[in-house]
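Data file: coords.cif. Format and content: mmCIF, C-alpha atoms.
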data_my_file
loop_
_atom_site.label_atom_id
_atom_site.label_comp_id
_atom_site.auth_asym_id
_atom_site.auth_seq_id
_atom_site.Cartn_x
_atom_site.Cartn_y
_atom_site.Cartn_z
CA MET M 1 -126.92 -64.32 103.68
CA GLY M 2 -129.02 -61.67 105.33
CA LYS M 3 -130.22 -58.17 104.79
CA LEU M 4 -129.13 -55.28 107.00
CA THR M 5 -130.95 -51.97 106.97
CA ILE M 6 -129.08 -49.06 108.52
CA GLY M 7 -130.77 -45.74 109.20
CA CYS M 8 -128.43 -42.90 110.07
CA PHE M 9 -129.72 -39.48 111.05
CA ALA M 10 -126.44 -37.94 112.17
CA SER M 11 -124.57 -35.26 110.26
CA LEU M 12 -121.55 -36.06 108.09
CA VAL M 13 -119.66 -33.20 109.68
CA GLY M 14 -119.95 -33.03 113.45
CA SER M 15 -119.94 -36.69 114.34
CA THR M 16 -118.46 -39.93 113.05
CA ASN M 17 -121.74 -41.83 113.07
CA LEU M 18 -121.98 -41.80 109.28
CA ASP M 19 -118.36 -42.95 109.05
CA PHE M 20 -119.31 -45.87 111.29
CA ALA M 21 -122.43 -46.62 109.24
CA VAL M 22 -120.41 -46.73 106.01
CA LYS M 23 -117.69 -48.89 107.58
CA LEU M 24 -120.30 -51.27 108.96
CA SER M 25 -121.95 -51.42 105.53
CA ALA M 26 -118.60 -52.36 104.02
CA ALA M 27 -117.99 -55.06 106.62
CA ALA M 28 -121.46 -56.54 106.16
CA MET M 29 -121.15 -56.54 102.38
CA GLU M 30 -117.73 -58.13 102.67
CA LYS M 31 -119.44 -61.04 104.44
CA GLY M 32 -121.99 -61.28 101.64
CA HIS M 33 -124.92 -59.49 103.23
CA LYS M 34 -127.19 -57.08 101.41
CA VAL M 35 -127.19 -53.58 102.92
CA ASP M 36 -129.65 -50.72 102.61
CA LEU M 37 -128.47 -47.38 103.99
CA TRP M 38 -131.13 -44.77 104.72
CA VAL M 39 -130.03 -41.25 105.60
CA SER M 40 -132.46 -38.75 107.03
CA GLY M 41 -132.34 -35.45 108.91
CA ASN M 42 -128.79 -34.09 109.02
CA GLY M 43 -127.59 -37.44 107.67
CA THR M 44 -128.68 -36.35 104.19
CA MET M 45 -125.50 -34.28 104.08
CA ILE M 46 -123.72 -37.41 102.85
CA SER M 47 -125.76 -37.29 99.64
CA ILE M 48 -124.21 -34.07 98.32
CA LYS M 49 -121.61 -34.53 95.61
CA ASP M 50 -118.27 -32.75 95.19
CA GLN M 51 -117.61 -32.19 98.87
CA ARG M 52 -114.03 -31.11 99.33
CA PRO M 53 -112.12 -33.51 101.56
CA PHE M 54 -110.19 -32.09 104.48
CA LYS M 55 -108.40 -34.12 107.11
CA ASP M 56 -110.30 -32.33 109.86
CA TYR M 57 -113.75 -33.31 108.56
CA SER M 58 -115.33 -36.59 107.60
CA SER M 59 -115.46 -37.18 103.87
CA LEU M 60 -117.24 -40.26 102.59
CA GLU M 61 -117.83 -39.65 98.89
CA LYS M 62 -115.01 -41.97 97.79
CA PRO M 63 -115.87 -44.99 99.97
CA LEU M 64 -119.57 -44.46 99.33
CA LYS M 65 -119.06 -44.54 95.56
CA GLU M 66 -116.96 -47.70 95.89
CA LEU M 67 -119.59 -49.42 98.00
CA MET M 68 -122.45 -48.37 95.75
CA ALA M 69 -120.53 -49.84 92.82
CA LYS M 70 -120.52 -53.13 94.77
CA GLY M 71 -124.26 -52.97 95.47
CA LEU M 72 -124.78 -50.78 98.53
CA ASN M 73 -128.25 -49.29 98.28
CA VAL M 74 -128.20 -45.68 99.54
CA THR M 75 -131.35 -43.58 99.80
CA ALA M 76 -131.74 -40.10 101.24
CA CYS M 77 -134.91 -38.61 102.67
CA GLU M 78 -136.03 -36.25 99.94
CA ALA M 79 -137.84 -33.79 102.20
CA CYS M 80 -134.92 -33.63 104.65
CA ALA M 81 -132.53 -33.00 101.76
CA GLU M 82 -134.68 -30.37 100.07
CA SER M 83 -135.26 -28.51 103.34
CA ARG M 84 -131.47 -28.17 103.63
CA GLY M 85 -131.03 -26.99 100.05
CA TYR M 86 -129.60 -30.32 98.88
CA HIS M 87 -131.28 -30.55 95.51
CA ALA M 88 -131.49 -33.47 93.10
CA ASP M 89 -129.06 -31.93 90.63
CA HIS M 90 -126.37 -31.84 93.29
CA THR M 91 -126.89 -35.36 94.59
CA LEU M 92 -124.11 -37.91 94.41
CA GLU M 93 -124.66 -40.23 91.46
CA GLY M 94 -126.21 -43.47 92.61
CA VAL M 95 -127.87 -42.06 95.73
CA LYS M 96 -131.64 -42.32 95.49
CA ARG M 97 -134.10 -39.89 97.06
CA PHE M 98 -137.45 -41.02 98.39
CA SER M 99 -139.90 -40.23 101.18
CA MET M 100 -139.68 -41.75 104.65
CA ASP M 101 -141.82 -44.76 103.81
CA TRP M 102 -138.85 -46.15 101.84
CA TYR M 103 -137.03 -46.72 105.14
CA LEU M 104 -139.97 -48.59 106.58
CA GLY M 105 -140.29 -50.60 103.39
CA SER M 106 -136.65 -51.58 103.67
CA ALA M 107 -137.15 -52.49 107.32
CA PHE M 108 -140.00 -54.79 106.34
CA ASP M 109 -137.78 -57.62 105.14
CA ALA M 110 -134.56 -56.71 106.94
CA ASP M 111 -133.02 -59.39 109.13
CA ARG M 112 -131.54 -56.64 111.27
CA LEU M 113 -132.30 -52.92 111.51
CA LEU M 114 -129.67 -50.62 113.00
CA HIS M 115 -131.06 -47.18 113.66
CA ILE M 116 -128.52 -44.48 114.49
CA GLY M 117 -130.35 -41.37 115.60
CA GLY M 118 -129.29 -37.80 115.05
CA GLU M 119 -127.44 -35.48 117.36
CA MET E 1 -148.97 -61.86 103.89
CA ALA E 2 -146.63 -60.69 106.60
CA THR E 3 -146.44 -57.96 109.19
CA THR E 4 -143.33 -56.20 110.43
CA LYS E 5 -143.76 -54.30 113.68
CA LEU E 6 -141.60 -51.24 114.29
CA GLY E 7 -141.32 -49.57 117.69
CA PHE E 8 -140.39 -45.88 117.72
CA ILE E 9 -138.99 -44.96 121.12
CA VAL E 10 -138.67 -41.24 121.75
CA GLN E 11 -136.27 -40.38 124.57
CA ARG E 12 -135.29 -36.82 123.81
CA PRO E 13 -137.20 -33.58 124.46
CA GLY E 14 -138.80 -31.70 121.62
CA TYR E 15 -137.36 -28.77 119.68
CA LYS E 16 -133.84 -29.16 121.12
CA SER E 17 -133.15 -31.57 118.28
CA GLU E 18 -134.97 -32.89 115.24
CA ASN E 19 -135.21 -36.41 116.64
CA PRO E 20 -138.73 -36.48 118.13
CA LYS E 21 -140.28 -34.96 115.03
CA LEU E 22 -138.42 -37.38 112.77
CA ALA E 23 -139.62 -40.26 114.94
CA LEU E 24 -143.21 -39.17 114.44
CA THR E 25 -142.94 -38.41 110.73
CA HIS E 26 -141.26 -41.76 110.08
CA ALA E 27 -143.90 -43.56 112.14
CA ILE E 28 -146.64 -41.77 110.21
CA ALA E 29 -144.96 -42.94 106.99
CA SER E 30 -146.08 -46.47 107.91
CA GLN E 31 -149.40 -45.46 106.37
CA SER E 32 -147.94 -45.16 102.89
CA VAL E 33 -145.30 -47.91 102.94
CA GLU E 34 -147.49 -50.33 100.94
CA ILE E 35 -146.12 -48.97 97.69
CA TYR E 36 -142.85 -50.76 98.54
CA LEU E 37 -144.48 -54.02 99.66
CA GLN E 38 -146.34 -56.98 98.18
CA ASP E 39 -150.13 -57.06 98.47
CA GLY E 40 -151.16 -57.96 102.00
CA ASP E 41 -147.82 -57.15 103.60
CA ILE E 42 -147.86 -54.36 106.15
CA VAL E 43 -145.58 -52.39 108.46
CA THR E 44 -147.01 -51.21 111.76
CA ALA E 45 -145.66 -48.42 113.93
CA ASP E 46 -146.02 -48.15 117.70
CA ILE E 47 -144.70 -45.04 119.44
CA ALA E 48 -143.54 -44.72 123.04
CA PHE E 49 -142.40 -41.59 124.84
CA VAL E 50 -139.99 -42.30 127.70
CA GLY E 51 -137.50 -40.35 129.78
CA ASP E 52 -137.16 -36.72 128.72
CA GLY E 53 -139.15 -37.71 125.64
CA VAL E 54 -142.42 -37.40 127.58
CA LEU E 55 -141.93 -33.62 127.42
CA ASN E 56 -142.89 -33.84 123.73
CA CYS E 57 -146.43 -34.61 124.84
CA ILE E 58 -147.13 -31.40 126.74
CA LYS E 59 -150.24 -29.86 125.25
CA ASP E 60 -150.90 -26.37 123.90
CA GLN E 61 -147.53 -26.11 122.17
CA LYS E 62 -147.05 -22.79 120.35
CA ALA E 63 -144.62 -23.89 117.64
CA VAL E 64 -146.62 -22.26 114.85
CA GLU E 65 -146.88 -18.98 116.72
CA ASN E 66 -143.23 -18.87 117.81
CA TYR E 67 -141.37 -20.63 115.03
CA ASP E 68 -143.90 -20.97 112.20
CA LEU E 69 -143.40 -24.73 112.45
CA ASN E 70 -145.82 -27.59 112.89
CA SER E 71 -145.77 -28.57 116.53
CA THR E 72 -144.77 -31.98 117.83
CA GLU E 73 -148.22 -31.92 119.41
CA SER E 74 -149.83 -31.79 115.98
CA HIS E 75 -147.73 -34.76 114.84
CA ILE E 76 -148.87 -36.74 117.87
CA LYS E 77 -152.46 -35.88 117.00
CA MET E 78 -151.87 -36.95 113.40
CA SER E 79 -150.55 -40.25 114.73
CA LEU E 80 -153.79 -40.70 116.65
CA LEU E 81 -155.83 -39.92 113.55
CA LEU E 82 -153.96 -42.75 111.83
CA ASP E 83 -154.75 -45.11 114.72
CA LEU E 84 -151.12 -45.54 115.74
CA ASN E 85 -150.51 -46.91 119.21
CA VAL E 86 -149.03 -44.04 121.24
CA LEU E 87 -147.78 -44.80 124.75
CA VAL E 88 -146.41 -42.40 127.36
CA CYS E 89 -144.46 -43.57 130.38
CA LYS E 90 -146.33 -42.80 133.60
CA GLU E 91 -143.27 -42.93 135.84
CA ASP E 92 -141.47 -40.36 133.68
CA LEU E 93 -144.50 -38.07 133.65
CA ASP E 94 -144.53 -38.33 137.45
CA ARG E 95 -140.84 -37.45 137.53
CA PHE E 96 -141.65 -34.14 135.82
CA GLY E 97 -144.75 -33.55 137.94
CA LEU E 98 -146.94 -33.90 134.85
CA LYS E 99 -150.42 -35.35 134.90
CA GLU E 100 -152.66 -36.60 132.12
CA GLU E 101 -154.40 -33.23 131.93
CA ASN E 102 -151.05 -31.63 131.05
CA ILE E 103 -150.41 -33.74 127.95
CA VAL E 104 -151.97 -34.54 124.61
CA ILE E 105 -154.43 -37.35 125.14
CA ASP E 106 -156.84 -37.12 122.22
CA ALA E 107 -157.43 -35.30 118.97
CA PRO E 108 -161.15 -34.92 118.35
CA GLU E 109 -160.51 -31.87 116.16
CA PHE E 110 -158.48 -34.16 113.87
CA GLY E 111 -161.25 -36.76 113.86
CA ALA E 112 -159.12 -39.25 115.77
CA ASP E 113 -160.82 -42.15 117.50
CA VAL E 114 -157.87 -43.49 119.47
CA GLU E 115 -156.17 -41.83 122.42
CA VAL E 116 -152.69 -41.59 123.89
CA LYS E 117 -152.24 -44.21 126.62
CA VAL E 118 -150.38 -43.30 129.79
CA VAL E 119 -148.95 -46.58 131.00
CA PRO E 120 -146.36 -47.92 133.45
CA TYR E 121 -142.96 -48.53 131.91
CA ALA E 122 -143.55 -52.27 132.22
CA GLU E 123 -146.23 -51.99 129.52
CA ILE E 124 -143.84 -50.12 127.24
CA ALA E 125 -141.25 -52.84 127.82
CA THR E 126 -143.85 -55.43 126.83
CA MET E 127 -144.65 -53.50 123.67
CA MET E 128 -140.96 -53.32 122.81
CA GLU E 129 -140.61 -57.09 123.23
CA GLU E 130 -143.40 -57.57 120.69
CA MET E 131 -141.69 -55.48 117.99
CA ASN E 132 -139.54 -56.85 115.19
CA HIS E 133 -137.29 -53.77 115.25
CA LEU E 134 -136.81 -50.85 117.62
CA LEU E 135 -135.77 -47.35 116.58
CA PHE E 136 -134.53 -45.05 119.33
CA PHE E 137 -134.82 -41.32 118.79
#
For the file at hand, write its structure as structure tokens.
Amino acid sequence: MGKLTIGCFASLVGSTNLDFAVKLSAAAMEKGHKVDLWVSGNGTMISIKDQRPFKDYSSLEKPLKELMAKGLNVTACEACAESRGYHADHTLEGVKRFSMDWYLGSAFDADRLLHIGGE
Amino acid sequence: MATTKLGFIVQRPGYKSENPKLALTHAIASQSVEIYLQDGDIVTADIAFVGDGVLNCIKDQKAVENYDLNSTESHIKMSLLLDLNVLVCKEDLDRFGLKEENIVIDAPEFGADVEVKVVPYAEIATMMEEMNHLLFF
């Protein structure tokens, strides 16, 4: 089985790129692959806990928690998060926060890297 | 010992979105990635500006004066200080009527030894073929 690294820089609200990234993570894990998900820029919005789900806006806390429980490795860019006021004490349990070199470190031994840029 | 080559391709203009700056800051992060790797393993970062992305390279940007933000220009110069390979597409510069004297080429004030290379797109395509992974911004 392989390793897939996904980098997603798009916002949780405003596009469905993060929805796609999470669905792709689930599909890859279902096939037995290891998945690292890096979120940076506006993508760090996914790391905030207790977001209220509405049908008009993407809400990924539930599937993200389920996937992390199965081994999905999710890391948010710490500087991007902090600059947006997303602090450690309000980060979804299980989501790690590191600097940008984490993404490159994950890419080092990834069999495939899927980079989804921001808006 | 192994090397993974990452190509950062910047296609969008600066300041309209965060993408070009994130491309550069992530590429610069290749200098500190060793903490996640085994001894001897490295990640390299090459950067190419293509399409509207070449507009990021215009020199004398006033981001600090106007927005109190580090300029994309300063990030390009930091990339040169770190000896990253920075390519700019000549055909796209021509499309905007820009010449080498209009863009960031070197960074002596940063102590950089390497320079931005203005090259035909074919050379950028060759670089991209040599990379393990490409990241489009």
Residues near Asp19 (chain M), anyone? I mean within 9 Å using only C-alpha atoms, not counting same-chain ones fewer than 6 positions away, as a CSV table (one decimal) with C-alpha atoms, in the frame of the given file.
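Output file result18.csv is given in full below:
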chain,number,residue,atom,x,y,z
M,12,LEU,CA,-121.6,-36.1,108.1
M,58,SER,CA,-115.3,-36.6,107.6
M,59,SER,CA,-115.5,-37.2,103.9
M,60,LEU,CA,-117.2,-40.3,102.6
Resolved residues for the PyMOL selection byres ((chain M and resi 36) around 12) as a ChimeraX atom specification: /M:2-8,21-22,24-26,28-29,33-35,37-39,67-68,71-76,95-96,102-115
Nearest to chain E among M:Gly41, M:Gly14, M:Gly85, M:Gly32, with distances taken over only C-alpha atoms: which residue is it? M:Gly41
Go through E:Glu123, E:His26, E:Glu18, E:Gly7 and flag the residue nearest Ala10 (chain M), using all atoms listed in the file for the distances. E:Glu18
Fewer than 5 positions away in the same chain doesn't count, so skip those; otherwise give me all residues within 9 Å of Asp60 (chain E), counting only C-alpha atoms, as a list in words.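 Listed by chain and then number, they are Glu73, Asn102, Ile103 and Val104 of chain E.
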List the residues matched by the PyMOL selection byres ((chain E) within 6 of (chain M)) in the displayed structure as a count of residues only, ordered by chain and then by residue number. 7
Residue neighbourhood Ser74 (chain E), 10 Å, all atoms listed in the file, exclusion window fewer than 6 positions, as a PyMOL selection string: chain E and resi 57+59-61+63+80+104+107+110
Those residues you just picked out, can you put them in a file as an mmCIF file, in the coordinates of the input with C-alpha atoms?
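The resulting file, selection.cif, is shown below:
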data_model
loop_
_atom_site.group_PDB
_atom_site.id
_atom_site.type_symbol
_atom_site.label_atom_id
_atom_site.label_comp_id
_atom_site.auth_asym_id
_atom_site.auth_seq_id
_atom_site.Cartn_x
_atom_site.Cartn_y
_atom_site.Cartn_z
ATOM 1 C CA CYS E 57 -146.430 -34.610 124.840
ATOM 2 C CA LYS E 59 -150.240 -29.860 125.250
ATOM 3 C CA ASP E 60 -150.900 -26.370 123.900
ATOM 4 C CA GLN E 61 -147.530 -26.110 122.170
ATOM 5 C CA ALA E 63 -144.620 -23.890 117.640
ATOM 6 C CA LEU E 80 -153.790 -40.700 116.650
ATOM 7 C CA VAL E 104 -151.970 -34.540 124.610
ATOM 8 C CA ALA E 107 -157.430 -35.300 118.970
ATOM 9 C CA PHE E 110 -158.480 -34.160 113.870
#
Option closest in space to Phe8 (chain E), from E:Thr126, E:Gln31, E:Thr44, E:Thr72 [counting all atoms listed in the file]: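 Selected residue with least distance to Phe8 (chain E): E:Thr44.
Put simply, CA of Glu130 (chain E) is 16.4 Å away from CA of Ala27 (chain E).
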